[in-house]
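Below: upload21.cif (mmCIF, C-alpha atoms and all ligand atoms)
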data_upload
#
loop_
_atom_site.label_atom_id
_atom_site.label_comp_id
_atom_site.auth_asym_id
_atom_site.auth_seq_id
_atom_site.Cartn_x
_atom_site.Cartn_y
_atom_site.Cartn_z
CA MET K 15 38.79 65.07 -46.98
CA PRO K 16 37.03 65.66 -43.65
CA PHE K 17 33.84 63.68 -43.27
CA SER K 18 30.64 65.66 -43.16
CA GLU K 19 27.53 63.48 -43.02
CA PHE K 20 25.87 60.46 -44.59
CA SER K 21 23.70 61.54 -47.47
CA ASP K 22 21.13 58.75 -47.29
CA GLN K 23 20.09 55.62 -45.44
CA GLN K 24 21.73 53.25 -47.92
CA GLN K 25 25.10 54.90 -47.24
CA ILE K 26 24.60 54.21 -43.55
CA ILE K 27 23.72 50.56 -44.20
CA ASP K 28 26.72 50.20 -46.53
CA TYR K 29 28.97 51.77 -43.91
CA VAL K 30 27.83 49.35 -41.22
CA THR K 31 28.01 46.21 -43.33
CA GLN K 32 31.44 47.15 -44.69
CA HIS K 33 32.92 47.91 -41.29
CA ILE K 34 31.58 45.23 -38.94
CA ASP K 35 30.22 41.75 -39.14
CA TYR K 36 27.23 42.22 -36.85
CA PHE K 37 24.11 41.36 -38.84
CA THR K 38 23.57 37.91 -40.33
CA ASP K 39 21.00 39.07 -42.91
CA ASP K 40 21.95 42.41 -44.46
CA SER K 41 18.96 42.38 -46.83
CA THR K 42 16.42 43.46 -44.20
CA LEU K 43 18.37 46.32 -42.62
CA GLN K 44 16.50 49.50 -41.75
CA VAL K 45 17.70 52.87 -40.49
CA THR K 46 15.85 55.11 -38.04
CA GLU K 47 17.21 58.51 -37.08
CA LEU K 48 17.16 59.05 -33.30
CA SER K 49 19.19 62.29 -33.05
CA ASP K 50 17.72 64.25 -30.14
CA GLY K 51 20.79 65.89 -28.60
CA ASN K 52 22.17 69.18 -29.85
CA LEU K 53 25.48 68.12 -31.35
CA ASN K 54 25.49 64.83 -33.26
CA TYR K 55 23.61 62.47 -35.55
CA VAL K 56 22.41 59.20 -34.05
CA TYR K 57 20.85 56.33 -36.00
CA ARG K 58 19.49 52.91 -35.10
CA ILE K 59 20.20 50.19 -37.67
CA SER K 60 18.03 47.11 -37.21
CA ASP K 61 17.24 43.87 -39.00
CA ALA K 62 14.00 41.89 -39.21
CA GLY K 63 15.22 39.46 -36.56
CA GLY K 64 15.26 42.08 -33.80
CA ASN K 65 19.02 42.73 -33.86
CA SER K 66 20.09 46.36 -33.79
CA LEU K 67 22.96 48.71 -33.12
CA ILE K 68 23.54 52.44 -32.88
CA LEU K 69 25.66 54.59 -35.19
CA LYS K 70 26.76 57.93 -33.77
CA GLN K 71 28.24 60.38 -36.25
CA THR K 72 29.99 63.58 -35.28
CA PRO K 73 29.70 66.28 -37.96
CA PRO K 74 32.14 69.23 -38.10
CA TYR K 75 29.42 71.51 -36.70
CA ILE K 76 26.65 71.62 -34.10
CA ARG K 77 23.86 69.45 -35.59
CA VAL K 78 20.94 71.61 -34.49
CA ILE K 79 22.56 74.79 -35.87
CA GLY K 80 24.26 73.44 -39.00
CA ASP K 81 27.55 74.52 -40.56
CA GLY K 82 26.98 78.09 -39.32
CA TRP K 83 28.39 76.93 -35.96
CA PRO K 84 31.48 74.80 -36.71
CA LEU K 85 32.67 72.49 -33.93
CA THR K 86 35.71 70.26 -33.80
CA GLN K 87 35.24 66.63 -34.80
CA ASP K 88 37.92 65.78 -32.28
CA ARG K 89 35.00 65.34 -29.89
CA ALA K 90 34.46 61.88 -31.44
CA ARG K 91 37.96 60.84 -30.32
CA ILE K 92 37.33 62.32 -26.87
CA GLU K 93 34.09 60.34 -26.58
CA TYR K 94 35.69 57.14 -27.83
CA ASN K 95 38.59 57.40 -25.34
CA SER K 96 36.27 58.12 -22.49
CA LEU K 97 33.87 55.30 -23.37
CA LYS K 98 36.84 52.92 -23.64
CA ARG K 99 38.27 53.93 -20.28
CA THR K 100 34.87 53.68 -18.61
CA ALA K 101 34.31 50.24 -20.15
CA GLU K 102 37.62 49.06 -18.68
CA ARG K 103 36.50 49.87 -15.12
CA CYS K 104 32.67 49.87 -15.27
CA PRO K 105 31.65 47.73 -18.27
CA GLN K 106 28.02 47.53 -17.14
CA ARG K 107 27.57 51.31 -17.10
CA VAL K 108 28.31 52.03 -20.78
CA PRO K 109 27.03 50.67 -24.10
CA LYS K 110 29.40 48.14 -25.66
CA MET K 111 31.48 49.73 -28.38
CA TYR K 112 31.72 47.74 -31.64
CA HIS K 113 33.76 50.03 -33.84
CA TYR K 114 35.46 53.43 -33.85
CA ASP K 115 36.44 55.17 -37.04
CA ALA K 116 38.66 58.20 -36.41
CA GLU K 117 38.66 59.27 -40.05
CA HIS K 118 34.89 59.30 -40.44
CA CYS K 119 34.17 60.30 -36.82
CA VAL K 120 31.79 57.40 -36.36
CA ILE K 121 31.19 55.13 -33.37
CA LEU K 122 29.14 51.95 -33.68
CA MET K 123 27.78 50.76 -30.36
CA GLN K 124 25.25 48.63 -28.53
CA ASP K 125 21.61 49.64 -28.87
CA ILE K 126 20.39 50.35 -25.35
CA GLY K 127 16.77 50.65 -26.49
CA ASP K 128 15.69 48.51 -23.52
CA HIS K 129 16.64 51.51 -21.35
CA ASP K 130 14.84 54.89 -21.28
CA ASN K 131 16.17 58.38 -20.93
CA LEU K 132 16.46 59.12 -17.21
CA ARG K 133 15.13 62.67 -17.62
CA GLU K 134 11.95 61.32 -19.26
CA LEU K 135 11.61 58.66 -16.56
CA MET K 136 11.91 61.32 -13.85
CA ILE K 137 9.36 63.56 -15.55
CA GLN K 138 6.99 60.56 -15.44
CA ARG K 139 7.95 60.04 -11.77
CA VAL K 140 9.36 56.54 -12.24
CA ARG K 141 11.23 55.29 -9.16
CA LEU K 142 14.36 53.26 -9.83
CA PRO K 143 15.44 51.38 -6.70
CA ASP K 144 19.02 50.62 -7.82
CA LEU K 145 19.79 53.92 -9.54
CA ALA K 146 21.63 55.53 -6.61
CA ALA K 147 23.85 52.48 -6.10
CA GLN K 148 24.60 52.13 -9.82
CA LEU K 149 25.48 55.80 -10.36
CA ALA K 150 27.43 56.04 -7.09
CA ASP K 151 29.61 53.13 -8.14
CA TYR K 152 30.12 54.55 -11.64
CA LEU K 153 31.08 57.96 -10.26
CA ALA K 154 33.42 56.67 -7.56
CA VAL K 155 35.26 54.23 -9.82
CA THR K 156 35.63 56.58 -12.79
CA LYS K 157 36.69 59.57 -10.69
CA PHE K 158 39.15 57.53 -8.60
CA TYR K 159 40.76 55.66 -11.50
CA GLY K 160 40.80 58.83 -13.59
CA SER K 161 42.82 60.70 -10.96
CA GLY K 162 46.33 60.77 -9.53
CA MET K 163 45.07 58.65 -6.63
CA GLY K 164 44.18 55.68 -8.86
CA LEU K 165 46.73 56.25 -11.62
CA ALA K 166 50.51 56.53 -11.41
CA SER K 167 51.67 60.11 -11.83
CA GLY K 168 52.95 59.63 -15.39
CA GLU K 169 49.76 57.85 -16.49
CA HIS K 170 47.62 60.62 -15.03
CA LYS K 171 49.69 63.27 -16.84
CA GLN K 172 49.29 61.29 -20.07
CA LEU K 173 45.52 61.12 -19.48
CA VAL K 174 45.41 64.88 -18.91
CA ARG K 175 47.27 65.40 -22.19
CA GLU K 176 45.14 63.07 -24.29
CA SER K 177 41.90 64.45 -22.81
CA GLN K 178 42.52 68.07 -23.74
CA ASN K 179 39.16 69.22 -25.08
CA PRO K 180 39.57 72.98 -25.47
CA ASP K 181 36.70 73.72 -27.86
CA LEU K 182 34.00 71.91 -25.89
CA CYS K 183 35.40 73.19 -22.59
CA GLN K 184 35.18 76.72 -23.95
CA ILE K 185 31.50 76.21 -24.73
CA HIS K 186 30.90 75.13 -21.14
CA GLU K 187 33.09 77.90 -19.72
CA GLU K 188 30.66 80.27 -21.40
CA VAL K 189 27.27 78.57 -21.06
CA PHE K 190 27.83 77.39 -17.47
CA PHE K 191 29.92 80.12 -15.90
CA LEU K 192 29.34 83.31 -17.89
CA ASP K 193 25.92 83.60 -19.53
CA PRO K 194 23.63 82.63 -16.60
CA PHE K 195 25.19 85.27 -14.34
CA CYS K 196 24.70 88.26 -16.64
CA ASP K 197 22.14 89.54 -19.12
CA HIS K 198 23.75 87.67 -22.02
CA GLU K 199 22.16 87.67 -25.48
CA ARG K 200 22.37 83.87 -25.62
CA ASN K 201 20.18 83.52 -22.52
CA ASP K 202 16.63 82.27 -22.76
CA VAL K 203 14.66 83.83 -19.90
CA ASN K 204 10.98 83.24 -19.21
CA PRO K 205 9.37 86.74 -19.30
CA ALA K 206 7.52 85.85 -16.08
CA LEU K 207 10.89 85.31 -14.37
CA ARG K 208 12.50 88.54 -15.61
CA ASP K 209 12.58 90.38 -12.25
CA GLU K 210 14.19 87.45 -10.44
CA ALA K 211 16.70 86.98 -13.28
CA GLU K 212 17.69 90.67 -13.11
CA ALA K 213 18.22 90.39 -9.33
CA PHE K 214 20.25 87.19 -9.85
CA TRP K 215 22.53 88.99 -12.31
CA GLN K 216 23.18 91.76 -9.79
CA ASN K 217 24.34 89.50 -6.97
CA ASN K 218 28.06 90.25 -6.71
CA ASP K 219 28.67 87.66 -3.99
CA LEU K 220 27.29 85.06 -6.37
CA LYS K 221 29.53 86.24 -9.23
CA ARG K 222 32.60 86.00 -6.99
CA GLU K 223 31.80 82.43 -5.94
CA VAL K 224 31.04 81.42 -9.53
CA ALA K 225 34.43 82.84 -10.55
CA ILE K 226 36.10 80.68 -7.89
CA LEU K 227 34.29 77.60 -9.23
CA LYS K 228 35.14 78.58 -12.81
CA ARG K 229 38.85 78.94 -12.08
CA ARG K 230 38.86 75.39 -10.69
CA TYR K 231 36.93 74.16 -13.75
CA MET K 232 39.50 75.80 -16.03
CA SER K 233 42.68 74.79 -14.26
CA ASP K 234 42.23 71.76 -11.97
CA THR K 235 43.06 68.54 -13.82
CA GLU K 236 42.09 66.30 -10.92
CA ALA K 237 40.17 63.51 -12.70
CA LEU K 238 38.73 62.43 -16.04
CA LEU K 239 35.18 63.79 -16.12
CA HIS K 240 32.17 62.82 -18.17
CA GLY K 241 31.82 66.58 -18.52
CA ASP K 242 28.05 66.77 -19.15
CA LEU K 243 26.49 64.26 -16.74
CA HIS K 244 22.90 65.49 -16.78
CA THR K 245 19.97 63.07 -16.64
CA GLY K 246 19.64 63.18 -20.44
CA SER K 247 23.06 61.50 -20.60
CA VAL K 248 21.82 58.54 -18.52
CA PHE K 249 19.56 55.75 -19.75
CA ALA K 250 17.93 53.45 -17.23
CA ASN K 251 15.40 50.75 -16.48
CA GLN K 252 14.44 48.92 -13.28
CA ASN K 253 17.60 46.80 -13.35
CA SER K 254 20.26 48.77 -15.11
CA CYS K 255 21.56 52.16 -16.08
CA LYS K 256 24.01 53.28 -18.73
CA VAL K 257 25.87 56.51 -19.26
CA ILE K 258 26.34 57.95 -22.75
CA ASP K 259 27.41 61.13 -24.58
CA MET K 260 30.95 61.71 -23.37
CA GLU K 261 32.05 64.29 -25.93
CA PHE K 262 32.53 66.95 -23.21
CA ALA K 263 35.00 64.72 -21.31
CA PHE K 264 38.22 66.30 -20.01
CA CYS K 265 40.32 66.25 -16.85
CA GLY K 266 38.73 68.64 -14.38
CA PRO K 267 37.47 68.88 -10.79
CA ALA K 268 35.69 65.64 -9.78
CA GLY K 269 32.87 67.57 -8.10
CA PHE K 270 31.76 68.89 -11.49
CA ASP K 271 30.32 65.50 -12.53
CA THR K 272 28.69 64.78 -9.16
CA GLY K 273 27.36 68.33 -9.07
CA VAL K 274 25.82 68.30 -12.55
CA LEU K 275 24.08 65.00 -11.83
CA LEU K 276 22.74 66.12 -8.46
CA ALA K 277 21.57 69.40 -10.03
CA ASN K 278 19.44 67.54 -12.52
CA PHE K 279 17.71 65.60 -9.73
CA LEU K 280 16.99 68.98 -8.08
CA LEU K 281 15.75 70.50 -11.35
CA ASN K 282 13.25 67.67 -11.54
CA TYR K 283 12.32 68.39 -7.90
CA CYS K 284 11.56 72.01 -8.90
CA GLY K 285 9.58 70.88 -11.95
CA GLN K 286 7.45 68.52 -9.86
CA ASN K 287 5.80 71.55 -8.19
CA ASN K 288 4.09 72.30 -11.51
CA LEU K 289 4.24 69.21 -13.74
CA PRO K 290 0.88 67.56 -14.45
CA GLY K 291 -0.47 64.93 -12.06
CA ASP K 292 -1.67 64.29 -8.55
CA ALA K 293 -0.16 66.66 -5.94
CA ASP K 294 0.51 63.93 -3.36
CA GLU K 295 2.19 61.76 -5.95
CA ARG K 296 4.38 64.67 -7.03
CA ALA K 297 5.33 65.47 -3.42
CA GLY K 298 6.09 61.80 -2.82
CA TYR K 299 8.39 61.80 -5.81
CA GLN K 300 10.16 64.91 -4.50
CA ASP K 301 10.86 62.97 -1.28
CA TRP K 302 12.17 60.06 -3.37
CA LEU K 303 14.51 62.45 -5.23
CA LEU K 304 15.99 63.82 -1.98
CA THR K 305 16.34 60.31 -0.53
CA THR K 306 18.02 59.15 -3.74
CA ILE K 307 20.49 62.07 -3.64
CA SER K 308 21.33 61.14 -0.06
CA GLU K 309 21.76 57.44 -0.87
CA LEU K 310 23.85 58.32 -3.91
CA TRP K 311 26.20 60.51 -1.90
CA GLN K 312 26.50 58.02 1.00
CA ARG K 313 27.30 55.16 -1.35
CA PHE K 314 29.61 57.28 -3.50
CA SER K 315 31.63 58.55 -0.53
CA GLN K 316 31.81 55.07 1.01
CA ARG K 317 33.04 53.52 -2.23
CA PHE K 318 35.47 56.38 -2.89
CA SER K 319 36.77 56.11 0.66
CA ASN K 320 37.35 52.35 0.26
CA LEU K 321 39.19 52.94 -3.01
CA MET K 322 41.37 55.62 -1.40
CA GLN K 323 42.20 53.36 1.55
CA GLN K 324 42.90 50.23 -0.47
CA HIS K 325 44.09 51.29 -3.91
CA CYS K 326 45.68 54.74 -3.66
CA VAL K 327 48.92 54.56 -5.64
CA ASP K 328 50.47 57.56 -3.90
CA PRO K 329 51.45 57.04 -0.24
CA SER K 330 51.44 60.78 0.42
CA LEU K 331 47.73 60.90 -0.51
CA SER K 332 46.88 57.92 1.72
CA ASP K 333 46.73 59.86 4.99
CA ALA K 334 43.36 59.22 6.67
CA GLY K 335 42.92 62.85 7.73
CA TYR K 336 43.63 64.05 4.21
CA GLN K 337 41.14 61.58 2.76
CA GLN K 338 38.42 62.77 5.11
CA TRP K 339 39.16 66.39 4.15
CA TYR K 340 39.11 65.42 0.48
CA LEU K 341 35.61 63.95 0.61
CA GLN K 342 34.26 66.97 2.48
CA GLN K 343 35.84 69.25 -0.13
CA LEU K 344 34.33 67.12 -2.88
CA TRP K 345 30.88 67.53 -1.32
CA GLN K 346 31.31 71.30 -1.27
CA ASP K 347 32.45 71.32 -4.90
CA THR K 348 29.46 69.12 -5.75
CA LEU K 349 27.07 71.66 -4.23
CA GLY K 350 28.79 74.58 -5.95
CA TYR K 351 28.79 73.02 -9.41
CA ALA K 352 25.21 71.82 -8.85
CA GLY K 353 24.23 75.44 -8.25
CA VAL K 354 25.94 76.52 -11.47
CA GLU K 355 24.21 73.77 -13.51
CA ILE K 356 20.82 74.70 -12.04
CA SER K 357 21.47 78.35 -12.91
CA ARG K 358 22.38 77.66 -16.53
CA ARG K 359 19.40 75.35 -17.02
CA THR K 360 17.06 78.06 -15.64
CA VAL K 361 18.21 81.33 -17.20
CA GLY K 362 20.85 80.16 -19.71
CA ILE K 363 20.67 78.83 -23.25
CA ALA K 364 19.94 75.12 -22.61
CA HIS K 365 16.83 74.46 -20.55
CA VAL K 366 15.62 71.05 -19.35
CA ALA K 367 12.27 69.42 -20.08
CA ASP K 368 11.65 68.81 -16.36
CA ILE K 369 10.77 72.53 -16.19
CA ALA K 370 10.61 73.66 -19.83
CA SER K 371 7.72 71.27 -20.55
CA ILE K 372 5.46 73.10 -18.06
CA GLU K 373 3.13 74.87 -20.45
CA SER K 374 1.91 77.81 -18.42
CA GLU K 375 4.47 80.63 -18.32
CA THR K 376 3.53 81.57 -14.74
CA ALA K 377 3.56 77.98 -13.46
CA ARG K 378 6.93 77.47 -15.17
CA ALA K 379 8.25 80.66 -13.56
CA ASP K 380 7.16 79.32 -10.18
CA SER K 381 9.39 76.25 -10.63
CA GLU K 382 12.19 78.41 -12.07
CA ARG K 383 11.99 80.76 -9.07
CA LEU K 384 12.58 77.83 -6.74
CA ALA K 385 15.43 76.62 -8.96
CA LEU K 386 17.16 80.02 -8.77
CA LYS K 387 16.77 80.10 -4.97
CA ILE K 388 18.27 76.62 -4.66
CA ALA K 389 21.09 77.50 -7.08
CA GLU K 390 21.97 80.64 -5.13
CA SER K 391 21.96 78.79 -1.80
CA LEU K 392 24.12 75.97 -3.09
CA ILE K 393 26.71 78.32 -4.56
CA LEU K 394 26.83 80.78 -1.65
CA ARG K 395 26.33 78.36 1.25
CA ARG K 396 28.20 75.33 -0.03
CA SER K 397 30.55 75.29 2.96
CA GLU K 398 27.65 75.48 5.48
CA ILE K 399 25.55 72.68 3.96
CA GLN K 400 27.66 69.82 5.21
CA SER K 401 25.61 66.73 4.44
CA PRO K 402 22.82 65.41 2.19
CA ALA K 403 20.45 65.72 5.19
CA GLN K 404 21.25 69.42 5.46
CA LEU K 405 20.83 69.75 1.71
CA ALA K 406 17.37 68.14 1.92
CA ASP K 407 16.42 70.52 4.78
CA THR K 408 17.62 73.50 2.75
CA VAL K 409 15.66 72.46 -0.32
CA ARG K 410 12.48 71.77 1.68
CA GLN K 411 12.75 75.14 3.46
CA LEU K 412 13.17 76.99 0.18
CA ASN K 413 10.13 75.15 -1.17
CA SER K 414 7.90 75.92 1.82
C1 LIG V 1 25.40 74.99 -26.78
S1 LIG V 1 24.68 74.36 -25.39
C2 LIG V 1 25.61 72.95 -25.01
C3 LIG V 1 24.74 72.01 -24.29
O1 LIG V 1 23.95 71.25 -25.14
C4 LIG V 1 23.75 70.00 -24.58
O2 LIG V 1 22.44 69.91 -24.19
C5 LIG V 1 24.71 69.84 -23.46
O3 LIG V 1 24.12 69.68 -22.21
C6 LIG V 1 25.54 71.05 -23.51
O4 LIG V 1 25.87 71.56 -22.27
MG MG V 2 24.85 65.41 -24.66
#
Write the structure described by the file as structure tokens, please.
Amino acid sequence: MPFSEFSDQQQIIDYVTQHIDYFTDDSTLQVTELSDGNLNYVYRISDAGGNSLILKQTPPYIRVIGDGWPLTQDRARIEYNSLKRTAERCPQRVPKMYHYDAEHCVILMQDIGDHDNLRELMIQRVRLPDLAAQLADYLAVTKFYGSGMGLASGEHKQLVRESQNPDLCQIHEEVFFLDPFCDHERNDVNPALRDEAEAFWQNNDLKREVAILKRRYMSDTEALLHGDLHTGSVFANQNSCKVIDMEFAFCGPAGFDTGVLLANFLLNYCGQNNLPGDADERAGYQDWLLTTISELWQRFSQRFSNLMQQHCVDPSLSDAGYQQWYLQQLWQDTLGYAGVEISRRTVGIAHVADIASIESETARADSERLALKIAESLILRRSEIQSPAQLADTVRQLNS
């Protein structure tokens, strides 16, 4: 019988103690529900001695909606495979996995409670000196070794097959590439932004470019993606960062992951115009965000370039001119998908706290207006904006 959900805390404790030998004293175990994403249940199980782990349970529906919106439990397998593959190449960037149970759609993993959600850290304007280097390395290694450059052809084809994730991809095909570019009933539009949203929906050049990006998203199996790499999927502290929530993973265009991440830095930039706090401090943080994007891209492209030069398994993809072209193309894809992510987080169904937490409707619309202008520029001008420096100039100009 398909597993639905644990009915009480004792069932969770029994599950953990029956499946792994992690706690020395089972008598003091406590369960705290942490679920804050849309899709799954997440619990922390801890003992009196300060030991703890996380149980993630994937129900056959979207958690925040309930069984009125069924959703495949195969997403637990997708997440498990992706976590496992990431751990093989970048063990520091993911929580350790202790147990996977395909039948019950449960993953037991390391508690990363000594890290905080990156979105929350950015809203509080916390600067993380090693973040760019850590994420650049994670992105370069996972994209390279999840592609036909780092994997033999047959292995890559096998990866493409085992990473088919049609139901979750369909959700993103709709909420990323359809809804934000038309007056869709699922959209959540600030009434104070209505005029700009209407104009956005009438931009046919934009729709054409989004269709081009969508076709690539739907048909290009270039590399194994995280698939939803926003700042809520990253946990960080001053020394470390970890990436979680891989249920949207599939083989798609590498620039989708880099783009979604970069977009969330820019969404925070837009929010900083109207979040509470000292204006100089907020402007200083906006500079830090643009510098961090630049450092992230420089480090990512350098690392990716080294991997291509030294570890490419396919001689026909080792040509230096091709590799240079590839990275430039990847930058353009990054900008395009960043524009799409910014669009969907501004006028689509799933907003982000960097802007949504701004209480005043008019102040929030001010940040959203900037977000839409940046989104439009990134999508339409992605081949003109050739470097992070040009991106920073573009963003600053739009914000002036
Ligand atoms: C139904 S909206 C799907 C989104 O929810 C999560 O917040 C993910 O970001 C996903 O894109
Ligand atoms: Mg998520």
Distance filter 10 Å around ligand LIG 1 (chain V), atoms: all atoms listed in the file, out as a compact mmCIF listing (two decimals) with C-alpha atoms, keeping the file's coordinate frame:
# COMPACT_ATOMS: atom_id res chain seq x y z
CA ASP K 50 17.72 64.25 -30.14
CA GLY K 51 20.79 65.89 -28.60
CA ASN K 52 22.17 69.18 -29.85
CA LEU K 53 25.48 68.12 -31.35
CA ILE K 76 26.65 71.62 -34.10
CA VAL K 78 20.94 71.61 -34.49
CA ILE K 79 22.56 74.79 -35.87
CA TRP K 83 28.39 76.93 -35.96
CA LEU K 182 34.00 71.91 -25.89
CA CYS K 183 35.40 73.19 -22.59
CA ILE K 185 31.50 76.21 -24.73
CA HIS K 186 30.90 75.13 -21.14
CA GLU K 187 33.09 77.90 -19.72
CA GLU K 188 30.66 80.27 -21.40
CA VAL K 189 27.27 78.57 -21.06
CA PHE K 190 27.83 77.39 -17.47
CA ARG K 200 22.37 83.87 -25.62
CA GLY K 241 31.82 66.58 -18.52
CA ASP K 242 28.05 66.77 -19.15
CA LEU K 243 26.49 64.26 -16.74
CA HIS K 244 22.90 65.49 -16.78
CA THR K 245 19.97 63.07 -16.64
CA GLY K 246 19.64 63.18 -20.44
CA SER K 247 23.06 61.50 -20.60
CA ASP K 259 27.41 61.13 -24.58
CA GLU K 261 32.05 64.29 -25.93
CA PHE K 262 32.53 66.95 -23.21
CA VAL K 274 25.82 68.30 -12.55
CA GLU K 355 24.21 73.77 -13.51
CA ARG K 358 22.38 77.66 -16.53
CA ARG K 359 19.40 75.35 -17.02
CA GLY K 362 20.85 80.16 -19.71
CA ILE K 363 20.67 78.83 -23.25
CA ALA K 364 19.94 75.12 -22.61
CA HIS K 365 16.83 74.46 -20.55
CA VAL K 366 15.62 71.05 -19.35
Find, counting only C-alpha atoms, the residue in K:Gln23, K:Gln312, K:Asn253, K:Asn131 that gets nearest to K:Arg58.
K:Gln23
Nearest candidate to ligand MG 2 (chain V) (options K:Leu67, K:Ala101, K:Val248, K:Leu48; using all atoms listed in the file):
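Selected residue with least distance to ligand MG 2 (chain V): K:Val248.
Atom pair atom CA of K:Arg77 / atom CA of K:Asp40: separated by 28.5 Å.
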What lies within 10 Å of stretch 279-293 of chain K using all atoms listed in the file, ignoring chain neighbours under 6 positions off, as a PDB file with C-alpha atoms, in the frame of the given file?
ATOM      1  CA  LEU K 132      16.460  59.120 -17.210  1.00  0.00           C
ATOM      2  CA  ARG K 133      15.130  62.670 -17.620  1.00  0.00           C
ATOM      3  CA  MET K 136      11.910  61.320 -13.850  1.00  0.00           C
ATOM      4  CA  ILE K 137       9.360  63.560 -15.550  1.00  0.00           C
ATOM      5  CA  GLN K 138       6.990  60.560 -15.440  1.00  0.00           C
ATOM      6  CA  ARG K 139       7.950  60.040 -11.770  1.00  0.00           C
ATOM      7  CA  HIS K 244      22.900  65.490 -16.780  1.00  0.00           C
ATOM      8  CA  THR K 245      19.970  63.070 -16.640  1.00  0.00           C
ATOM      9  CA  TYR K 299       8.390  61.800  -5.810  1.00  0.00           C
ATOM     10  CA  GLN K 300      10.160  64.910  -4.500  1.00  0.00           C
ATOM     11  CA  ASP K 301      10.860  62.970  -1.280  1.00  0.00           C
ATOM     12  CA  TRP K 302      12.170  60.060  -3.370  1.00  0.00           C
ATOM     13  CA  LEU K 303      14.510  62.450  -5.230  1.00  0.00           C
ATOM     14  CA  LEU K 304      15.990  63.820  -1.980  1.00  0.00           C
ATOM     15  CA  THR K 306      18.020  59.150  -3.740  1.00  0.00           C
ATOM     16  CA  ILE K 307      20.490  62.070  -3.640  1.00  0.00           C
ATOM     17  CA  ALA K 352      25.210  71.820  -8.850  1.00  0.00           C
ATOM     18  CA  GLY K 353      24.230  75.440  -8.250  1.00  0.00           C
ATOM     19  CA  GLU K 355      24.210  73.770 -13.510  1.00  0.00           C
ATOM     20  CA  ILE K 356      20.820  74.700 -12.040  1.00  0.00           C
ATOM     21  CA  SER K 357      21.470  78.350 -12.910  1.00  0.00           C
ATOM     22  CA  ARG K 359      19.400  75.350 -17.020  1.00  0.00           C
ATOM     23  CA  THR K 360      17.060  78.060 -15.640  1.00  0.00           C
ATOM     24  CA  VAL K 366      15.620  71.050 -19.350  1.00  0.00           C
ATOM     25  CA  ALA K 367      12.270  69.420 -20.080  1.00  0.00           C
ATOM     26  CA  ASP K 368      11.650  68.810 -16.360  1.00  0.00           C
ATOM     27  CA  ILE K 369      10.770  72.530 -16.190  1.00  0.00           C
ATOM     28  CA  ALA K 370      10.610  73.660 -19.830  1.00  0.00           C
ATOM     29  CA  SER K 371       7.720  71.270 -20.550  1.00  0.00           C
ATOM     30  CA  ILE K 372       5.460  73.100 -18.060  1.00  0.00           C
ATOM     31  CA  GLU K 373       3.130  74.870 -20.450  1.00  0.00           C
ATOM     32  CA  SER K 374       1.910  77.810 -18.420  1.00  0.00           C
ATOM     33  CA  THR K 376       3.530  81.570 -14.740  1.00  0.00           C
ATOM     34  CA  ALA K 377       3.560  77.980 -13.460  1.00  0.00           C
ATOM     35  CA  ARG K 378       6.930  77.470 -15.170  1.00  0.00           C
ATOM     36  CA  ALA K 379       8.250  80.660 -13.560  1.00  0.00           C
ATOM     37  CA  ASP K 380       7.160  79.320 -10.180  1.00  0.00           C
ATOM     38  CA  SER K 381       9.390  76.250 -10.630  1.00  0.00           C
ATOM     39  CA  GLU K 382      12.190  78.410 -12.070  1.00  0.00           C
ATOM     40  CA  ARG K 383      11.990  80.760  -9.070  1.00  0.00           C
ATOM     41  CA  LEU K 384      12.580  77.830  -6.740  1.00  0.00           C
ATOM     42  CA  ALA K 385      15.430  76.620  -8.960  1.00  0.00           C
ATOM     43  CA  LEU K 386      17.160  80.020  -8.770  1.00  0.00           C
ATOM     44  CA  ILE K 388      18.270  76.620  -4.660  1.00  0.00           C
ATOM     45  CA  ALA K 389      21.090  77.500  -7.080  1.00  0.00           C
ATOM     46  CA  VAL K 409      15.660  72.460  -0.320  1.00  0.00           C
ATOM     47  CA  ASN K 413      10.130  75.150  -1.170  1.00  0.00           C
TER      48      ASN K 413
END
Skipping near chain neighbours, those fewer than 4 positions away, what residues fall within 12 Å of K:Phe20 using only C-alpha atoms, listed as an mmCIF file with C-alpha atoms, keeping the file's coordinate frame?
data_model
loop_
_atom_site.group_PDB
_atom_site.id
_atom_site.type_symbol
_atom_site.label_atom_id
_atom_site.label_comp_id
_atom_site.auth_asym_id
_atom_site.auth_seq_id
_atom_site.Cartn_x
_atom_site.Cartn_y
_atom_site.Cartn_z
ATOM 1 C CA GLN K 24 21.730 53.250 -47.920
ATOM 2 C CA GLN K 25 25.100 54.900 -47.240
ATOM 3 C CA ILE K 26 24.600 54.210 -43.550
ATOM 4 C CA ILE K 27 23.720 50.560 -44.200
ATOM 5 C CA ASP K 28 26.720 50.200 -46.530
ATOM 6 C CA TYR K 29 28.970 51.770 -43.910
ATOM 7 C CA VAL K 30 27.830 49.350 -41.220
ATOM 8 C CA VAL K 45 17.700 52.870 -40.490
ATOM 9 C CA GLU K 47 17.210 58.510 -37.080
ATOM 10 C CA TYR K 55 23.610 62.470 -35.550
ATOM 11 C CA VAL K 56 22.410 59.200 -34.050
ATOM 12 C CA TYR K 57 20.850 56.330 -36.000
ATOM 13 C CA LEU K 69 25.660 54.590 -35.190
ATOM 14 C CA LYS K 70 26.760 57.930 -33.770
ATOM 15 C CA GLN K 71 28.240 60.380 -36.250
ATOM 16 C CA THR K 72 29.990 63.580 -35.280
ATOM 17 C CA PRO K 73 29.700 66.280 -37.960
ATOM 18 C CA HIS K 118 34.890 59.300 -40.440
ATOM 19 C CA CYS K 119 34.170 60.300 -36.820
ATOM 20 C CA VAL K 120 31.790 57.400 -36.360
#
